[in-house]
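J.: Supplied in structure tokens, the structure appears directly below.
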Amino acid sequence: MATSKLVLKDKVLSNGLYPIFLRITKDRKRKYISTGFSCEKSQWNDKTSEFRKNCPEYQQKNASILKLKNRCEKIFLDSFSDGKDLSINEFEEIFYDFKRNKKITVNQFWENKIEMLVKSKQTGNARAYKDAKRSFFKFLGSEKSIDFKYITPSLLNNYEVFLRSNNGTDGGISVKMRTIRALFNAAIKEKIASKDDYPFDVYKISKLKSSSNKRALAIEDMEKIKNFNCENYPTLLNSKNYFLFSYFTRGMNFYDMMMLTWSNIENEKIIYKRRKTKTNFSIKITPPVRKILDFYKENNKNNTSYIFPILLSDNLTPMQIEYRKDKVLKKFNKDLKKIAELCGIDAKITSYVARHSFATNLKQKGISTDIISEAMGHQNVSITQVYLKDLESSVIDEAMEVLL
């Protein structure tokens, strides 16, 4: 007889959470079925195979995964009652045939994916899927009932042309195409789409190379921004502070900076967990950081627990936080462009330049790549080397001058 158990897999997802699977065991063979849910390790009870009370919406999630487990067990029980002894592969065919017979369209599957992401609090990914879906179906027009075999290499090429005609960049097009590819892969995994119809073996996303300029500012340029007087440009003050704060806190990500509260300040250190990697940070408060913190301590007009005036309420939903982040980040990057212009900096500056500048300028000061990697919370040095790629090229160029 087959057995089933809900388990938390050890492989961490890109959002730092761990996926929940239903494990089917029969004749020493195993199959894993995705539940669509994920959580932190501390939010899962291995003994009872259910979400703990410290997991948001734990009751609804437990009801959903139990429903899936019961349906799988019913398949085996029904076959046993009929005198059949299903193999694990035969079970899989019956389970996924149930889904195929429902004839789920691309539109429906996409909506289901977005709903699952929202429920699991992955609001950033949910927003990306929503944006890609809106764009894709705008391209298709009124056609809403297509299935996955309709998405061909030819259709993707036409979609790319459509995006370019609407001022799409390689980077933006790549994000949308990667979203569609992830959706297609998920549909194949759930037996809703066929591997034979997979279009991304022919249509290559890798051709969409983003030709960005060097993303790190020299120490001299960082000093220009630090000394920039906002007296005549008061609307630029917050953006200047956000940029410098990020630079002097090891290139802190905008989202993490936005979510900082005064409770993150302990004993002249900033203590927080980075959302992307779930890495814990303890950052010493240096004089430039202290100056910025003191400014916002004295000018907390919104009466929230947040340090920066980005989130205007302590009671926003995850989706409201995501929308607010996008709105302020857009203004932030626009302001940085203006600040660069006023400072005479001939480079494109975005919020992420602070992170690259932190890494590059430490390297120029003789700090080892290993230490920079540790400071930035990278999982391995190879990620840090990507940040330092432009610097390495310039150092080699200077070394070559010795031969002349």
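Identifiers in this document derive from the order of the structure tokens: chains are assigned A, B, ..., residues are numbered from 1 separately in each chain, and ligands are numbered from 1 in order of occurrence.
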Find the spatial neighbours of Lys47 in chain A, counting only C-alpha atoms, within a cut-off of 10 Å - ignore same-chain residues fewer than 3 positions away - and output them as a VMD selection string.
T.: chain A and resid 7 44 50
J.: What would the file look like if the residues just selected were written as a short mmCIF file (atom, residue, chain, number, x, y, z; two decimals), in the first residue's frame with C-alpha atoms?
T.:
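This is the output file again-v2.cif:
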data_model
loop_
_atom_site.label_atom_id
_atom_site.label_comp_id
_atom_site.auth_asym_id
_atom_site.auth_seq_id
_atom_site.Cartn_x
_atom_site.Cartn_y
_atom_site.Cartn_z
CA VAL A 7 7.21 17.37 3.97
CA TRP A 44 6.70 24.02 9.82
CA GLU A 50 1.48 20.97 9.15
#
J.: Can you list, as a compact mmCIF listing (two decimals) with C-alpha atoms, in the first residue's frame, every protein, DNA or RNA residue that comes within 10 Å of Pro309 in chain A when you count only C-alpha atoms, leaving out same-chain residues fewer than 4 positions away?
T.:
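Output file part-v3.txt is given in full below:
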# COMPACT_ATOMS: atom_id res chain seq x y z
CA ASN A 238 15.28 62.19 0.74
CA MET A 258 12.36 50.86 3.42
CA TYR A 296 14.77 61.30 10.38
CA ASN A 299 11.58 64.77 11.36
CA ASN A 300 9.27 61.78 11.82
CA LYS A 301 6.11 63.53 10.58
CA ASN A 302 4.16 60.35 9.78
CA ASN A 303 4.37 58.92 13.32
CA THR A 304 5.19 55.42 12.08
CA SER A 305 7.72 52.92 13.41
CA SER A 313 1.42 53.65 7.80
CA VAL A 328 8.94 55.67 -4.36
J.: Skip Thr317 in chain A itself and residues of its chain fewer than 6 positions away, then list as a compact mmCIF listing (two decimals) with C-alpha atoms, in the first residue's frame all residues within 12 Å of it, counting only C-alpha atoms.
T.:
# COMPACT_ATOMS: atom_id res chain seq x y z
CA VAL A 118 -0.01 36.44 -3.05
CA LYS A 119 -1.11 33.83 -0.49
CA LYS A 121 3.37 36.61 0.70
CA THR A 123 4.23 40.04 -3.38
CA LEU A 311 5.78 53.65 4.10
CA TYR A 323 3.02 49.24 -4.74
CA ARG A 324 4.41 51.93 -2.46
J.: Compare A:Tyr150, A:Phe281, A:Trp110, A:Tyr242 by their minimum atom-to-atom distance to Thr179 in chain A, counting only C-alpha atoms, and give me the closest one.
T.: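 For Thr179 in chain A, the nearest of the candidates is A:Trp110.
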J.: For Val12 in chain A, which residue out of A:Glu40, A:Asp27, A:Glu90, A:Asp46 is the nearest one, using only C-alpha atoms?
T.: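 Once distances to Val12 in chain A are computed over only C-alpha atoms, the minimum belongs to A:Glu40.
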J.: Extract, using only C-alpha atoms, all DNA, RNA and protein residues at most 10 Å from Glu223 in chain A, discarding same-chain residues fewer than 5 positions from it, and format them as an mmCIF file with C-alpha atoms, in the first residue's frame.
T.:
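Written file, out35.cif:
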data_model
loop_
_atom_site.group_PDB
_atom_site.id
_atom_site.type_symbol
_atom_site.label_atom_id
_atom_site.label_comp_id
_atom_site.auth_asym_id
_atom_site.auth_seq_id
_atom_site.Cartn_x
_atom_site.Cartn_y
_atom_site.Cartn_z
ATOM 1 C CA LEU A 217 30.888 55.493 -8.846
ATOM 2 C CA ALA A 218 34.419 56.524 -7.934
ATOM 3 C CA PHE A 228 25.650 68.195 -2.548
ATOM 4 C CA LEU A 244 24.200 57.681 0.918
ATOM 5 C CA CYS A 343 26.928 67.284 -9.368
#
